[in-house]
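Q: Pasting final.pdb below, which is PDB, C-alpha atoms and all ligand atoms.
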```pdb
ATOM      1  CA  MET A   1       4.132  13.592  33.213
ATOM      2  CA  ARG A   2       3.811  12.550  29.588
ATOM      3  CA  LYS A   3       6.753  10.692  28.177
ATOM      4  CA  LYS A   4       8.473  11.632  24.937
ATOM      5  CA  VAL A   5       7.708   9.445  21.967
ATOM      6  CA  ILE A   6      10.055   9.685  19.013
ATOM      7  CA  ALA A   7       9.100   7.867  15.844
ATOM      8  CA  GLY A   8      10.975   7.508  12.574
ATOM      9  CA  ASN A   9       9.006   7.393   9.350
ATOM     10  CA  TRP A  10      11.168   5.766   6.694
ATOM     11  CA  LYS A  11       8.512   6.373   4.004
ATOM     12  CA  MET A  12       9.310   4.369   0.822
ATOM     13  CA  ASN A  13      12.970   3.809   1.644
ATOM     14  CA  MET A  14      15.221   0.998   2.873
ATOM     15  CA  LEU A  15      15.585  -2.571   1.594
ATOM     16  CA  PRO A  16      15.594  -5.414   4.121
ATOM     17  CA  ASN A  17      19.396  -5.723   4.227
ATOM     18  CA  GLU A  18      19.681  -1.974   4.863
ATOM     19  CA  ALA A  19      16.992  -2.186   7.537
ATOM     20  CA  ILE A  20      18.813  -5.008   9.329
ATOM     21  CA  ASP A  21      22.132  -3.097   9.283
ATOM     22  CA  TYR A  22      20.343  -0.007  10.521
ATOM     23  CA  ILE A  23      18.707  -1.732  13.485
ATOM     24  CA  GLN A  24      21.942  -3.402  14.528
ATOM     25  CA  LYS A  25      23.698  -0.050  14.667
ATOM     26  CA  PHE A  26      20.798   2.044  15.948
ATOM     27  CA  SER A  27      19.751  -0.296  18.769
ATOM     28  CA  ASP A  28      23.109   0.139  20.414
ATOM     29  CA  LEU A  29      22.977   3.928  20.097
ATOM     30  CA  VAL A  30      19.544   4.296  21.732
ATOM     31  CA  LYS A  31      19.652   1.518  24.306
ATOM     32  CA  ASP A  32      19.929   3.899  27.284
ATOM     33  CA  THR A  33      17.155   6.328  26.415
ATOM     34  CA  GLU A  34      14.055   6.692  28.574
ATOM     35  CA  ASN A  35      12.163   8.006  25.537
ATOM     36  CA  GLU A  36       9.921   5.709  23.544
ATOM     37  CA  VAL A  37      11.503   4.810  20.201
ATOM     38  CA  ILE A  38       9.474   3.653  17.208
ATOM     39  CA  LEU A  39      10.476   2.893  13.618
ATOM     40  CA  CYS A  40       7.649   2.994  11.055
ATOM     41  CA  VAL A  41       8.926   1.034   8.099
ATOM     42  CA  PRO A  42       7.703  -0.209   4.693
ATOM     43  CA  TYR A  43       5.616  -3.398   4.723
ATOM     44  CA  THR A  44       8.464  -5.363   3.123
ATOM     45  CA  ASP A  45      10.778  -4.475   6.034
ATOM     46  CA  LEU A  46       8.332  -5.137   8.861
ATOM     47  CA  PHE A  47       9.149  -8.756   9.537
ATOM     48  CA  TYR A  48      12.932  -8.225   9.309
ATOM     49  CA  CYS A  49      12.715  -5.236  11.629
ATOM     50  CA  LEU A  50      10.553  -7.082  14.146
ATOM     51  CA  MET A  51      13.004  -9.988  14.238
ATOM     52  CA  ASN A  52      16.026  -7.757  14.588
ATOM     53  CA  ALA A  53      14.468  -5.418  17.151
ATOM     54  CA  GLN A  54      13.679  -8.284  19.521
ATOM     55  CA  GLY A  55      15.320  -7.728  22.876
ATOM     56  CA  THR A  56      15.873  -4.007  22.143
ATOM     57  CA  ASN A  57      13.817  -0.974  23.201
ATOM     58  CA  ILE A  58      12.818  -0.265  19.581
ATOM     59  CA  LYS A  59       9.137  -0.663  18.699
ATOM     60  CA  ILE A  60       8.038  -1.292  15.132
ATOM     61  CA  GLY A  61       5.192   0.363  13.252
ATOM     62  CA  ALA A  62       3.667   0.341   9.774
ATOM     63  CA  GLN A  63       2.936   3.462   7.720
ATOM     64  CA  ASN A  64      -0.646   2.704   6.700
ATOM     65  CA  MET A  65      -3.315   0.000   6.861
ATOM     66  CA  HIS A  66      -6.739  -0.753   5.416
ATOM     67  CA  PHE A  67      -9.819  -0.413   7.607
ATOM     68  CA  ALA A  68     -11.355  -3.746   6.584
ATOM     69  CA  GLU A  69     -10.166  -6.914   8.247
ATOM     70  CA  SER A  70      -9.870  -8.915   5.019
ATOM     71  CA  GLY A  71     -11.485  -9.118   1.613
ATOM     72  CA  ALA A  72     -11.287  -8.040  -2.009
ATOM     73  CA  TYR A  73      -8.959  -5.061  -1.644
ATOM     74  CA  THR A  74      -6.090  -5.916  -3.970
ATOM     75  CA  GLY A  75      -2.788  -4.511  -2.790
ATOM     76  CA  GLU A  76      -3.961  -3.554   0.692
ATOM     77  CA  VAL A  77      -2.818  -4.746   4.119
ATOM     78  CA  SER A  78      -5.167  -4.969   7.112
ATOM     79  CA  GLY A  79      -4.671  -4.182  10.764
ATOM     80  CA  LYS A  80      -5.259  -7.843  11.554
ATOM     81  CA  MET A  81      -2.362  -8.768   9.257
ATOM     82  CA  LEU A  82      -0.070  -6.225  10.915
ATOM     83  CA  LYS A  83      -0.995  -7.465  14.364
ATOM     84  CA  SER A  84      -0.450 -11.086  13.350
ATOM     85  CA  ILE A  85       3.292 -10.528  12.858
ATOM     86  CA  GLY A  86       3.754  -8.417  15.999
ATOM     87  CA  VAL A  87       3.514  -4.839  14.727
ATOM     88  CA  GLU A  88       2.557  -2.424  17.538
ATOM     89  CA  TYR A  89       2.037   0.962  15.855
ATOM     90  CA  VAL A  90       0.624   2.305  12.620
ATOM     91  CA  ILE A  91       0.780   5.765  11.084
ATOM     92  CA  ILE A  92      -2.637   6.857   9.863
ATOM     93  CA  GLY A  93      -3.536   9.809   7.668
ATOM     94  CA  HIS A  94      -0.048  11.031   6.831
ATOM     95  CA  SER A  95      -0.365  14.114   4.616
ATOM     96  CA  GLU A  96       1.337  12.250   1.750
ATOM     97  CA  ARG A  97      -1.446   9.674   1.912
ATOM     98  CA  ARG A  98      -4.092  12.377   2.134
ATOM     99  CA  GLN A  99      -2.527  14.156  -0.836
ATOM    100  CA  TYR A 100      -1.554  11.294  -3.186
ATOM    101  CA  PHE A 101      -3.861   8.462  -2.147
ATOM    102  CA  ASN A 102      -7.153  10.243  -1.467
ATOM    103  CA  GLU A 103      -7.120   9.609   2.265
ATOM    104  CA  THR A 104     -10.003  11.557   3.822
ATOM    105  CA  ASP A 105     -10.988  12.455   7.386
ATOM    106  CA  GLU A 106     -13.601   9.725   7.089
ATOM    107  CA  SER A 107     -11.179   6.977   6.004
ATOM    108  CA  VAL A 108      -8.707   8.147   8.648
ATOM    109  CA  ASN A 109     -11.408   7.745  11.306
ATOM    110  CA  LYS A 110     -12.314   4.259  10.059
ATOM    111  CA  LYS A 111      -8.665   3.202  10.053
ATOM    112  CA  ILE A 112      -8.100   4.443  13.600
ATOM    113  CA  LYS A 113     -11.085   2.426  14.802
ATOM    114  CA  ALA A 114      -9.793  -0.646  12.947
ATOM    115  CA  ALA A 115      -6.339  -0.119  14.447
ATOM    116  CA  PHE A 116      -7.795  -0.221  17.970
ATOM    117  CA  GLU A 117      -9.890  -3.282  17.123
ATOM    118  CA  ASN A 118      -6.593  -4.978  16.308
ATOM    119  CA  GLU A 119      -4.748  -3.610  19.338
ATOM    120  CA  LEU A 120      -2.482  -1.411  17.249
ATOM    121  CA  LYS A 121      -1.580   2.058  18.474
ATOM    122  CA  PRO A 122      -2.355   4.690  15.831
ATOM    123  CA  ILE A 123      -0.085   7.645  15.133
ATOM    124  CA  VAL A 124      -2.527  10.046  13.519
ATOM    125  CA  CYS A 125      -1.212  12.910  11.392
ATOM    126  CA  VAL A 126      -2.862  16.311  11.107
ATOM    127  CA  GLY A 127      -1.511  19.532   9.638
ATOM    128  CA  GLU A 128      -2.238  22.568   7.524
ATOM    129  CA  SER A 129      -0.985  23.448   4.039
ATOM    130  CA  LEU A 130       0.916  26.646   3.296
ATOM    131  CA  GLU A 131      -2.177  28.256   1.719
ATOM    132  CA  GLN A 132      -4.273  27.404   4.748
ATOM    133  CA  ARG A 133      -1.603  28.810   7.023
ATOM    134  CA  GLU A 134      -1.347  32.018   5.034
ATOM    135  CA  ALA A 135      -5.129  32.374   5.124
ATOM    136  CA  GLY A 136      -4.990  32.204   8.934
ATOM    137  CA  GLU A 137      -6.824  28.880   9.024
ATOM    138  CA  THR A 138      -4.234  26.749  10.809
ATOM    139  CA  GLU A 139      -6.101  26.347  14.075
ATOM    140  CA  LYS A 140      -9.422  25.656  12.395
ATOM    141  CA  ILE A 141      -7.909  23.032  10.063
ATOM    142  CA  ILE A 142      -5.943  21.114  12.671
ATOM    143  CA  THR A 143      -8.676  21.103  15.312
ATOM    144  CA  THR A 144     -11.245  19.964  12.734
ATOM    145  CA  GLN A 145      -8.955  17.194  11.462
ATOM    146  CA  THR A 146      -8.372  16.082  15.053
ATOM    147  CA  ARG A 147     -12.079  16.093  15.943
ATOM    148  CA  LEU A 148     -13.052  14.110  12.821
ATOM    149  CA  ALA A 149     -10.196  11.638  13.233
ATOM    150  CA  LEU A 150     -11.203  10.819  16.809
ATOM    151  CA  GLU A 151     -14.980  10.812  16.323
ATOM    152  CA  GLY A 152     -16.680   7.870  18.029
ATOM    153  CA  LEU A 153     -13.618   6.718  19.976
ATOM    154  CA  SER A 154     -13.819   6.039  23.705
ATOM    155  CA  GLU A 155     -11.898   8.243  26.151
ATOM    156  CA  GLU A 156      -9.525   5.344  26.750
ATOM    157  CA  GLN A 157      -8.859   5.036  23.022
ATOM    158  CA  VAL A 158      -8.248   8.773  22.633
ATOM    159  CA  LYS A 159      -5.767   8.592  25.511
ATOM    160  CA  ASN A 160      -3.939   5.854  23.639
ATOM    161  CA  THR A 161      -3.849   7.687  20.324
ATOM    162  CA  ILE A 162      -0.642   9.448  19.343
ATOM    163  CA  ILE A 163      -1.258  12.583  17.328
ATOM    164  CA  ALA A 164       1.447  14.000  15.090
ATOM    165  CA  TYR A 165       1.067  17.665  14.211
ATOM    166  CA  GLU A 166       2.839  17.978  10.861
ATOM    167  CA  PRO A 167       2.463  21.254   8.988
ATOM    168  CA  ILE A 168       2.568  20.168   5.343
ATOM    169  CA  TRP A 169       4.852  23.040   4.336
ATOM    170  CA  ALA A 170       7.491  21.792   6.790
ATOM    171  CA  ILE A 171       7.591  18.179   5.615
ATOM    172  CA  GLY A 172      10.750  17.321   3.713
ATOM    173  CA  THR A 173      11.381  20.979   2.952
ATOM    174  CA  GLY A 174      14.017  21.786   5.559
ATOM    175  CA  LYS A 175      11.624  24.440   6.892
ATOM    176  CA  THR A 176      10.739  23.751  10.498
ATOM    177  CA  ALA A 177       7.961  25.481  12.385
ATOM    178  CA  THR A 178       9.448  27.575  15.176
ATOM    179  CA  SER A 179       9.213  25.792  18.491
ATOM    180  CA  GLU A 180       6.812  28.475  19.700
ATOM    181  CA  ASP A 181       4.552  28.098  16.679
ATOM    182  CA  ALA A 182       4.566  24.311  16.818
ATOM    183  CA  ASN A 183       3.906  24.383  20.555
ATOM    184  CA  ASN A 184       0.969  26.759  20.089
ATOM    185  CA  SER A 185      -0.578  24.583  17.377
ATOM    186  CA  ILE A 186      -0.166  21.536  19.573
ATOM    187  CA  LYS A 187      -1.781  23.415  22.471
ATOM    188  CA  SER A 188      -4.792  24.156  20.292
ATOM    189  CA  ILE A 189      -5.072  20.444  19.410
ATOM    190  CA  ARG A 190      -4.853  19.580  23.114
ATOM    191  CA  ASN A 191      -7.530  22.166  23.930
ATOM    192  CA  GLU A 192      -9.846  20.685  21.336
ATOM    193  CA  ILE A 193      -9.363  17.245  22.903
ATOM    194  CA  LYS A 194     -10.041  18.780  26.322
ATOM    195  CA  ARG A 195     -13.231  20.400  25.049
ATOM    196  CA  ILE A 196     -14.572  17.075  23.770
ATOM    197  CA  TYR A 197     -13.051  14.432  26.065
ATOM    198  CA  GLY A 198     -12.098  16.367  29.201
ATOM    199  CA  GLU A 199      -8.893  17.419  30.873
ATOM    200  CA  GLU A 200      -7.738  14.022  32.099
ATOM    201  CA  VAL A 201      -7.692  12.704  28.528
ATOM    202  CA  SER A 202      -6.141  15.833  27.023
ATOM    203  CA  GLU A 203      -3.358  15.906  29.581
ATOM    204  CA  ASN A 204      -2.435  12.312  28.803
ATOM    205  CA  VAL A 205      -2.564  12.237  25.026
ATOM    206  CA  ILE A 206       0.828  12.286  23.294
ATOM    207  CA  ILE A 207       1.083  14.965  20.603
ATOM    208  CA  GLN A 208       4.229  14.958  18.483
ATOM    209  CA  TYR A 209       5.617  17.534  16.100
ATOM    210  CA  GLY A 210       6.770  16.494  12.626
ATOM    211  CA  GLY A 211       8.320  18.409   9.722
ATOM    212  CA  SER A 212      12.074  18.683   9.172
ATOM    213  CA  VAL A 213      13.013  17.600  12.690
ATOM    214  CA  LYS A 214      16.772  17.070  12.903
ATOM    215  CA  SER A 215      19.386  16.690  15.628
ATOM    216  CA  SER A 216      20.071  20.442  15.560
ATOM    217  CA  ASN A 217      16.467  21.461  16.364
ATOM    218  CA  ALA A 218      15.105  18.454  18.288
ATOM    219  CA  LYS A 219      15.997  19.736  21.737
ATOM    220  CA  GLU A 220      14.434  23.132  21.228
ATOM    221  CA  LEU A 221      11.218  21.562  19.941
ATOM    222  CA  PHE A 222      10.957  18.721  22.461
ATOM    223  CA  THR A 223      11.565  20.859  25.554
ATOM    224  CA  THR A 224       8.506  23.075  25.054
ATOM    225  CA  SER A 225       5.430  22.644  27.270
ATOM    226  CA  ASP A 226       3.247  20.630  24.892
ATOM    227  CA  ILE A 227       5.400  18.911  22.263
ATOM    228  CA  ASP A 228       5.742  15.289  23.345
ATOM    229  CA  GLY A 229       8.368  14.149  20.850
ATOM    230  CA  GLY A 230       8.476  13.903  17.086
ATOM    231  CA  LEU A 231       7.630  12.066  13.900
ATOM    232  CA  VAL A 232      10.808  12.198  11.873
ATOM    233  CA  GLY A 233      11.114  11.490   8.144
ATOM    234  CA  GLY A 234      14.373  12.274   6.315
ATOM    235  CA  ALA A 235      16.518  12.490   9.444
ATOM    236  CA  SER A 236      15.384   9.017  10.569
ATOM    237  CA  LEU A 237      17.094   7.335   7.621
ATOM    238  CA  LYS A 238      20.552   7.572   9.184
ATOM    239  CA  PRO A 239      21.038   5.726  12.479
ATOM    240  CA  ASP A 240      23.595   8.238  13.786
ATOM    241  CA  GLU A 241      21.459  11.271  13.099
ATOM    242  CA  PHE A 242      18.250   9.668  14.332
ATOM    243  CA  SER A 243      19.913   8.437  17.524
ATOM    244  CA  LYS A 244      20.953  12.037  18.278
ATOM    245  CA  ILE A 245      17.311  13.077  17.978
ATOM    246  CA  VAL A 246      16.200  10.237  20.250
ATOM    247  CA  ASN A 247      18.969  11.163  22.708
ATOM    248  CA  TYR A 248      18.235  14.903  22.531
ATOM    249  CA  ASN A 249      18.043  15.048  26.336
ATOM    250  CA  LYS A 250      21.321  13.226  26.998
TER
HETATM  251  P1  LIG A 301      10.498  15.096   7.357
HETATM  252  O1  LIG A 301       9.162  14.216   7.297
HETATM  253  O2  LIG A 301      11.089  14.878   8.743
HETATM  254  O3  LIG A 301      11.379  14.527   6.275
HETATM  255  O4  LIG A 301      10.121  16.505   7.130
HETATM  256  C1  LIG A 301       8.302  14.121   8.393
HETATM  257  C2  LIG A 301       7.132  13.237   8.048
HETATM  258  O5  LIG A 301       6.665  13.269   6.903
HETATM  259  O6  LIG A 301       6.632  12.484   8.908
END
```
Give the structure from this file in structure tokens form.
A:
Amino acid sequence: MRKKVIAGNWKMNMLPNEAIDYIQKFSDLVKDTENEVILCVPYTDLFYCLMNAQGTNIKIGAQNMHFAESGAYTGEVSGKMLKSIGVEYVIIGHSERRQYFNETDESVNKKIKAAFENELKPIVCVGESLEQREAGETEKIITTQTRLALEGLSEEQVKNTIIAYEPIWAIGTGKTATSEDANNSIKSIRNEIKRIYGEEVSENVIIQYGGSVKSSNAKELFTTSDIDGGLVGGASLKPDEFSKIVNYNK
């Protein structure tokens, strides 16, 4: 059985002192969960979070990385740099990065490969826009994004990739996909992985839902057949609220 993986995405929020307070409070609230708990934090919080999460069940991730190992890329941070301080996860291809920072399927693919080269676990985001949804293109868009993101990876690497299905129209809008809709989209992503990499891989890969997950809808979403947890933005900024999402099955 796949385990549930619940990741917070703080986006561009939280100063180090706030992050430290958060982890002190949050670690106590989630210490008894059997679910995997990840906090994806801004670069400037990473080291503080790693120090303060030591000895807890909280894993720390970044929200982006560059695909090169080092070099003349002013302002960028590499996977090697993340690994060097103990980061374990990295979000790749979030829709905000695709939309505002020209992230493409090709750069997403390169970053995933670089993440694995540095022993980081990628959390790869895919999802359709409202126009694409209304045009009936959801399945085509999300299966294509998935296929291009994973191109050239080994079966073992695909198994170790976390995919986050995040319909763009549901992110930060308070509009959540219905659990049935989200589950169906996630099934189509899993089927695409099965078609390319086989059933053993597709049955093992973790596929999360993201987009206005909160404590009031987490249980309904996470108890469907194919949704293996969530990537949570706004509701991950408060330790109480996020701990309720992590503890949805308590
Ligand atoms: P949201 O964001 O939970 O605030 O909708 C989710 C995300 O962008 O990962």
Q: Using all atoms listed in the file, which of the listed residues (A:Ala149, A:Met51, A:Ile141, A:Val124) sits closest to ligand LIG 301 (chain A)?
A: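 Among A:Ala149, A:Met51, A:Ile141, A:Val124, it is A:Val124 that comes nearest to ligand LIG 301 (chain A).
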Q: List the residues matched by the PyMOL selection byres (((chain A and resi 97) around 12) and not hetatm) in the displayed structure as a compact mmCIF listing (two decimals) with C-alpha atoms, in the frame of the given file, ordered by chain and then by residue number.
A:
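Below is the file that was written, expr_3.txt:
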```txt
# COMPACT_ATOMS: atom_id res chain seq x y z
CA LYS A 11 8.51 6.37 4.00
CA GLN A 63 2.94 3.46 7.72
CA ASN A 64 -0.65 2.70 6.70
CA MET A 65 -3.32 0.00 6.86
CA ILE A 91 0.78 5.76 11.08
CA ILE A 92 -2.64 6.86 9.86
CA GLY A 93 -3.54 9.81 7.67
CA HIS A 94 -0.05 11.03 6.83
CA SER A 95 -0.36 14.11 4.62
CA GLU A 96 1.34 12.25 1.75
CA ARG A 98 -4.09 12.38 2.13
CA GLN A 99 -2.53 14.16 -0.84
CA TYR A 100 -1.55 11.29 -3.19
CA PHE A 101 -3.86 8.46 -2.15
CA ASN A 102 -7.15 10.24 -1.47
CA GLU A 103 -7.12 9.61 2.26
CA THR A 104 -10.00 11.56 3.82
CA ASP A 105 -10.99 12.46 7.39
CA SER A 107 -11.18 6.98 6.00
CA VAL A 108 -8.71 8.15 8.65
CA VAL A 124 -2.53 10.05 13.52
CA CYS A 125 -1.21 12.91 11.39
CA VAL A 126 -2.86 16.31 11.11
CA ILE A 168 2.57 20.17 5.34
```
Q: Nearest residue to ligand LIG 301 (chain A) out of A:Gly174, A:Gly79, A:Pro122, A:Gly229, using all atoms listed in the file?
A: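 Ranking A:Gly174, A:Gly79, A:Pro122, A:Gly229 by distance to ligand LIG 301 (chain A), first place goes to A:Gly174.
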Q: So which residues get picked by the PyMOL selection byres (((chain A and resi 23) around 10) and not hetatm) here, written as a count of residues only?
A: 20
Q: Quick one: contact table of chain A to ligand LIG 301 (chain A), 7 Å max, nearest atom pair and distance in Å to one decimal per residue, counting all atoms listed in the file, chain and number order, as CSV?
A:
```
residue,atom,partner,partner_atom,distance
A:Asn9,CA,A:LIG301,O6,5.6
A:Glu166,CA,A:LIG301,O6,7.0
A:Ala170,CA,A:LIG301,O4,5.9
A:Ile171,CA,A:LIG301,O4,3.4
A:Gly172,CA,A:LIG301,O4,3.6
A:Thr173,CA,A:LIG301,O4,6.2
A:Gly174,CA,A:LIG301,O4,6.7
A:Gly210,CA,A:LIG301,C1,5.1
A:Gly211,CA,A:LIG301,O4,3.7
A:Ser212,CA,A:LIG301,O4,3.6
A:Val213,CA,A:LIG301,O2,5.2
A:Leu231,CA,A:LIG301,O6,5.1
A:Val232,CA,A:LIG301,O2,4.1
A:Gly233,CA,A:LIG301,O2,3.4
A:Gly234,CA,A:LIG301,O3,3.7
A:Ala235,CA,A:LIG301,O2,6.0
```
Q: What does the file look like for those residues with C-alpha atoms, as a PDB file, keeping the file's coordinate frame?
A:
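And here's again09.pdb as it stands now:
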```pdb
ATOM      1  CA  ASN A   9       9.006   7.393   9.350  1.00  0.00           C
ATOM      2  CA  GLU A 166       2.839  17.978  10.861  1.00  0.00           C
ATOM      3  CA  ALA A 170       7.491  21.792   6.790  1.00  0.00           C
ATOM      4  CA  ILE A 171       7.591  18.179   5.615  1.00  0.00           C
ATOM      5  CA  GLY A 172      10.750  17.321   3.713  1.00  0.00           C
ATOM      6  CA  THR A 173      11.381  20.979   2.952  1.00  0.00           C
ATOM      7  CA  GLY A 174      14.017  21.786   5.559  1.00  0.00           C
ATOM      8  CA  GLY A 210       6.770  16.494  12.626  1.00  0.00           C
ATOM      9  CA  GLY A 211       8.320  18.409   9.722  1.00  0.00           C
ATOM     10  CA  SER A 212      12.074  18.683   9.172  1.00  0.00           C
ATOM     11  CA  VAL A 213      13.013  17.600  12.690  1.00  0.00           C
ATOM     12  CA  LEU A 231       7.630  12.066  13.900  1.00  0.00           C
ATOM     13  CA  VAL A 232      10.808  12.198  11.873  1.00  0.00           C
ATOM     14  CA  GLY A 233      11.114  11.490   8.144  1.00  0.00           C
ATOM     15  CA  GLY A 234      14.373  12.274   6.315  1.00  0.00           C
ATOM     16  CA  ALA A 235      16.518  12.490   9.444  1.00  0.00           C
TER      17      ALA A 235
END
```
Q: Any idea what's packed within 8 Å of Asp45 of chain A, counting only C-alpha atoms, ignoring anything in its chain fewer than 6 positions away? Could you give it as a PyMOL selection string?
A: chain A and resi 14-16+19
Q: Report, in Å with one decimal, the straight-line distance from atom CA of Ala114 of chain A to atom CA of Phe67 of chain A.
A: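 One can read the atom CA of Ala114 of chain A to atom CA of Phe67 of chain A distance as 5.3 Å.
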Q: Can you tell me, as a PyMOL selection string, what residues are no more than 6 Å from Asn118 of chain A when counting only C-alpha atoms, ignoring any on the same chain fewer than 2 positions away?
A: chain A and resi 79-80+115-116+120
Q: Here's the selection I'm unsure about, the PyMOL selection byres (((chain A and resi 81) around 10) and not hetatm); applied to the file above, which residues does it give, as a list in words?
A: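 Going through the file, the PyMOL selection byres (((chain A and resi 81) around 10) and not hetatm) ends up selecting Met65, His66, Glu69, Ser70, Val77, Ser78, Gly79, Lys80, Leu82, Lys83, Ser84, Ile85, Gly86, Val87 and Asn118 of chain A.
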Q: Go ahead and compute the interatomic distance for atom CA of Ile227 of chain A and atom CA of Gln208 of chain A, in Å to one decimal.
A: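 Result for atom CA of Ile227 of chain A versus atom CA of Gln208 of chain A: 5.6 Å, one decimal.
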Q: What does the distance between atom CA of Tyr209 of chain A and atom CA of Val37 of chain A come to in Å, to one decimal place?
A: 14.6 Å
Q: Pick from A:Val201, A:Val41, A:Ile207, A:Val246: nearest to Ser188 of chain A, with all atoms listed in the file counted?
A: A:Ile207
Q: List the spatial neighbours of Thr138 of chain A as a ChimeraX atom specification - criterion: any atom at most 9 Å away, all atoms listed in the file, same-chain residues fewer than 3 positions off excluded.
A: /A:127-129,132-135,141-143,167,185
Q: Could those selected residues go to a file with C-alpha atoms, as a compact mmCIF listing (two decimals), in the frame of the given file?
A:
```txt
# COMPACT_ATOMS: atom_id res chain seq x y z
CA GLY A 127 -1.51 19.53 9.64
CA GLU A 128 -2.24 22.57 7.52
CA SER A 129 -0.98 23.45 4.04
CA GLN A 132 -4.27 27.40 4.75
CA ARG A 133 -1.60 28.81 7.02
CA GLU A 134 -1.35 32.02 5.03
CA ALA A 135 -5.13 32.37 5.12
CA ILE A 141 -7.91 23.03 10.06
CA ILE A 142 -5.94 21.11 12.67
CA THR A 143 -8.68 21.10 15.31
CA PRO A 167 2.46 21.25 8.99
CA SER A 185 -0.58 24.58 17.38
```
Q: Determine, counting all atoms listed in the file, which protein, DNA and RNA residues have an atom within 8 Å of an atom of Ile245 of chain A; residues of the same chain fewer than 5 positions away are not included. Present the result as a ChimeraX atom specification.
A: /A:214-215,218-219
Q: Find, counting all atoms listed in the file, the residue in A:Ala182, A:Ala68, A:Ile112, A:Cys40 that gets nearest to Thr223 of chain A.
A: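 Closest candidate: A:Ala182.
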Q: Point out the residue among A:Thr178, A:Ser154, A:Thr161, A:Asn191 with the least atom-to-atom distance to Phe222 of chain A, counting only C-alpha atoms.
A: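 Comparing A:Thr178, A:Ser154, A:Thr161, A:Asn191 against Phe222 of chain A, the winner is A:Thr178.
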Q: Give me the box for segment 51-55 of chain A as lines of an AutoDock Vina configuration file, namely the centre and edge lengths in Å to one decimal of a box along x, y and z that holds every listed atom plus 5 Å on each side.
A:
```
center_x = 14.5
center_y = -7.7
center_z = 18.6
size_x = 13.0
size_y = 14.6
size_z = 18.6
```
Q: May I ask which of the residues A:Asn183, A:Asp240, A:Ile163, A:Asp32 is the closest one to Ile206 of chain A, counting all atoms listed in the file?
A: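 Among the listed residues, the smallest separation from Ile206 of chain A belongs to A:Ile163.
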